[in-house]
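Text of the file target_20.cif, holding mmCIF, C-alpha atoms:
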```cif
data_start
loop_
_atom_site.label_atom_id
_atom_site.label_comp_id
_atom_site.auth_asym_id
_atom_site.auth_seq_id
_atom_site.Cartn_x
_atom_site.Cartn_y
_atom_site.Cartn_z
CA MET A 778 35.30 0.45 91.39
CA THR A 779 34.48 -2.04 94.15
CA ALA A 780 33.33 0.76 96.46
CA HIS A 781 31.11 2.18 93.73
CA SER A 782 29.64 -1.26 93.04
CA LEU A 783 28.88 -1.85 96.73
CA SER A 784 27.34 1.61 97.05
CA PHE A 785 25.16 0.98 94.00
CA CYS A 786 24.01 -2.39 95.39
CA ASP A 787 23.17 -0.80 98.74
CA ARG A 788 21.10 1.95 97.08
CA VAL A 789 19.23 -0.54 94.89
CA SER A 790 18.65 -2.85 97.87
CA ASP A 791 17.30 -0.01 100.02
CA GLU A 792 14.97 1.15 97.26
CA THR A 793 13.79 -2.41 96.60
CA ARG A 794 12.92 -2.91 100.26
CA ARG A 795 11.07 0.41 100.42
CA THR A 796 9.12 -0.45 97.27
CA LEU A 797 8.18 -3.89 98.61
CA ALA A 798 7.10 -2.42 101.95
CA THR A 799 4.97 0.21 100.20
CA ARG A 800 3.34 -2.21 97.76
CA LEU A 801 2.62 -4.72 100.53
CA ASP A 802 1.32 -1.91 102.78
CA LEU A 803 3.80 -2.75 105.54
CA THR A 804 4.20 0.13 107.99
CA ASP A 805 6.59 -1.37 110.56
CA PRO A 806 10.14 -0.34 109.56
CA ASP A 807 11.47 -3.38 111.43
CA ASP A 808 9.36 -5.84 109.41
CA LEU A 809 11.79 -8.43 108.05
CA ARG A 810 9.64 -9.65 105.17
CA PRO A 811 10.76 -7.11 102.52
CA ARG A 812 14.41 -7.91 103.24
CA LEU A 813 13.81 -11.66 103.23
CA ALA A 814 11.84 -11.45 99.97
CA GLN A 815 14.63 -9.44 98.39
CA ASP A 816 17.27 -11.89 99.60
CA LEU A 817 15.26 -14.79 98.19
CA VAL A 818 15.04 -13.13 94.77
CA VAL A 819 18.78 -12.36 94.77
CA ALA A 820 19.60 -15.95 95.75
CA ALA A 821 17.30 -17.26 93.01
CA PHE A 822 18.96 -14.99 90.46
CA HIS A 823 22.43 -16.16 91.47
CA SER A 824 21.32 -19.79 91.27
CA ALA A 825 19.78 -19.25 87.83
CA MET A 826 22.92 -17.51 86.55
CA GLU A 827 25.16 -20.27 87.88
CA HIS A 828 23.07 -23.02 86.30
CA TRP A 829 22.73 -21.14 83.01
CA ALA A 830 26.48 -20.46 82.80
CA LYS A 831 27.35 -24.13 83.38
CA GLN A 832 25.09 -25.43 80.62
CA PRO A 833 26.85 -26.52 77.43
CA GLY A 834 26.24 -24.68 74.20
CA ARG A 835 25.45 -21.10 73.31
CA LYS A 836 24.21 -18.83 76.09
CA THR A 837 21.15 -16.80 75.16
CA LEU A 838 19.03 -14.23 76.94
CA PRO A 839 15.85 -16.31 76.41
CA GLY A 840 17.67 -19.27 77.98
CA LEU A 841 18.61 -17.18 81.01
CA ARG A 842 15.07 -15.79 81.24
CA SER A 843 13.63 -19.31 81.18
CA ARG A 844 16.02 -20.51 83.86
CA LEU A 845 15.26 -17.48 86.02
CA GLN A 846 11.51 -18.08 85.77
CA TYR A 847 12.01 -21.71 86.77
CA THR A 848 14.27 -20.75 89.66
CA LEU A 849 11.91 -18.03 90.95
CA ALA A 850 9.04 -20.54 90.93
CA ALA A 851 11.19 -22.98 92.91
CA ALA A 852 12.12 -20.21 95.37
CA ALA A 853 8.46 -19.42 95.96
CA GLN A 854 7.76 -23.09 96.59
CA ALA A 855 10.69 -23.26 99.00
CA THR A 856 8.93 -20.87 101.37
CA THR A 857 6.24 -23.47 102.05
CA TYR A 858 8.35 -26.60 101.60
CA THR A 859 7.28 -29.46 103.87
CA GLY A 860 9.58 -32.18 102.61
CA ALA A 861 6.65 -34.18 101.26
CA PRO A 862 7.06 -35.28 97.64
CA VAL A 863 4.91 -33.41 95.13
CA LEU A 864 3.32 -35.43 92.32
CA ASP A 865 3.00 -34.11 88.78
CA ASP A 866 -0.63 -33.16 89.45
CA GLY A 867 0.47 -30.94 92.36
CA GLN A 868 -0.83 -33.24 95.09
CA ALA A 869 1.45 -34.38 97.86
#
```

Would you mind writing the structure in this file as structure tokens?
Amino acid sequence: MTAHSLSFCDRVSDETRRTLATRLDLTDPDDLRPRLAQDLVVAAFHSAMEHWAKQPGRKTLPGLRSRLQYTLAAAAQATTYTGAPVLDDGQA
């Protein structure tokens, strides 16, 4: 079962990278950006799942969806993070 699971993950990962490269019109097969984008999304998903699972109360799909949206937004912001505090109005 573990071998099947790893094989499935590899196939999905390969297809995800090819799709990202195609949609972003990247022609260099050694371009790291599709892989890094995929890794960022996977890390965000794991973080969202972990946070969602630790919250008290009933676990719901809308709750997970909300946490995932929040976490993906934070992941996108992490790619340009400067360490400067961000105010509520979005100004540093």

query: Taking into account only C-alpha atoms, which residue in the set A:Ala861, A:Thr796, A:Lys836, A:Ser784 is nearest to Ala814 of chain A?
result: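 Closest to Ala814 of chain A, using only C-alpha atoms: A:Thr796.
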
Open item on the list: If we count all atoms listed in the file and set the cut-off at 12 Å, which residues sit around Leu797 of chain A, ignoring sequence neighbours fewer than 2 positions away in its own chain? Please answer as a list in words.
Closed with: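 Contacts, with the query itself left out: Ser790, Asp791, Glu792, Thr793, Arg794, Arg795, Thr799, Arg800, Leu801, Asp802, Leu803, Thr804, Pro806, Asp808, Leu809, Arg810, Pro811, Arg812, Leu813, Ala814 and Gln815 of chain A.
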
Exercise for the section: Quick one: apply the PyMOL selection byres ((chain A and resi 825) around 8) to the file and drop the selected residues here as a list in words. Expected result: Ala821, Phe822, His823, Ser824, Met826, Glu827, His828, Trp829, Leu841, Arg844, Leu845 and Thr848 of chain A

Calculated over only C-alpha atoms, which of the candidates A:Asp807, A:Ala780, A:Arg788, A:Ala820 has the smallest distance to Ala853 of chain A?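 Checking each candidate against Ala853 of chain A, we get A:Ala820 as the closest.
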
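In this model, the gap between atom CA of Ser782 of chain A and atom CA of Asp816 of chain A comes to 17.6 Å.
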
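Atom CA of Thr857 of chain A to atom CA of Ala798 of chain A spans 21.1 Å [interatomic distance, one decimal].
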
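For the atom pair formed by atom CA of Leu817 of chain A and atom CA of Gln832 of chain A, the distance is 22.8 Å, given to one decimal.
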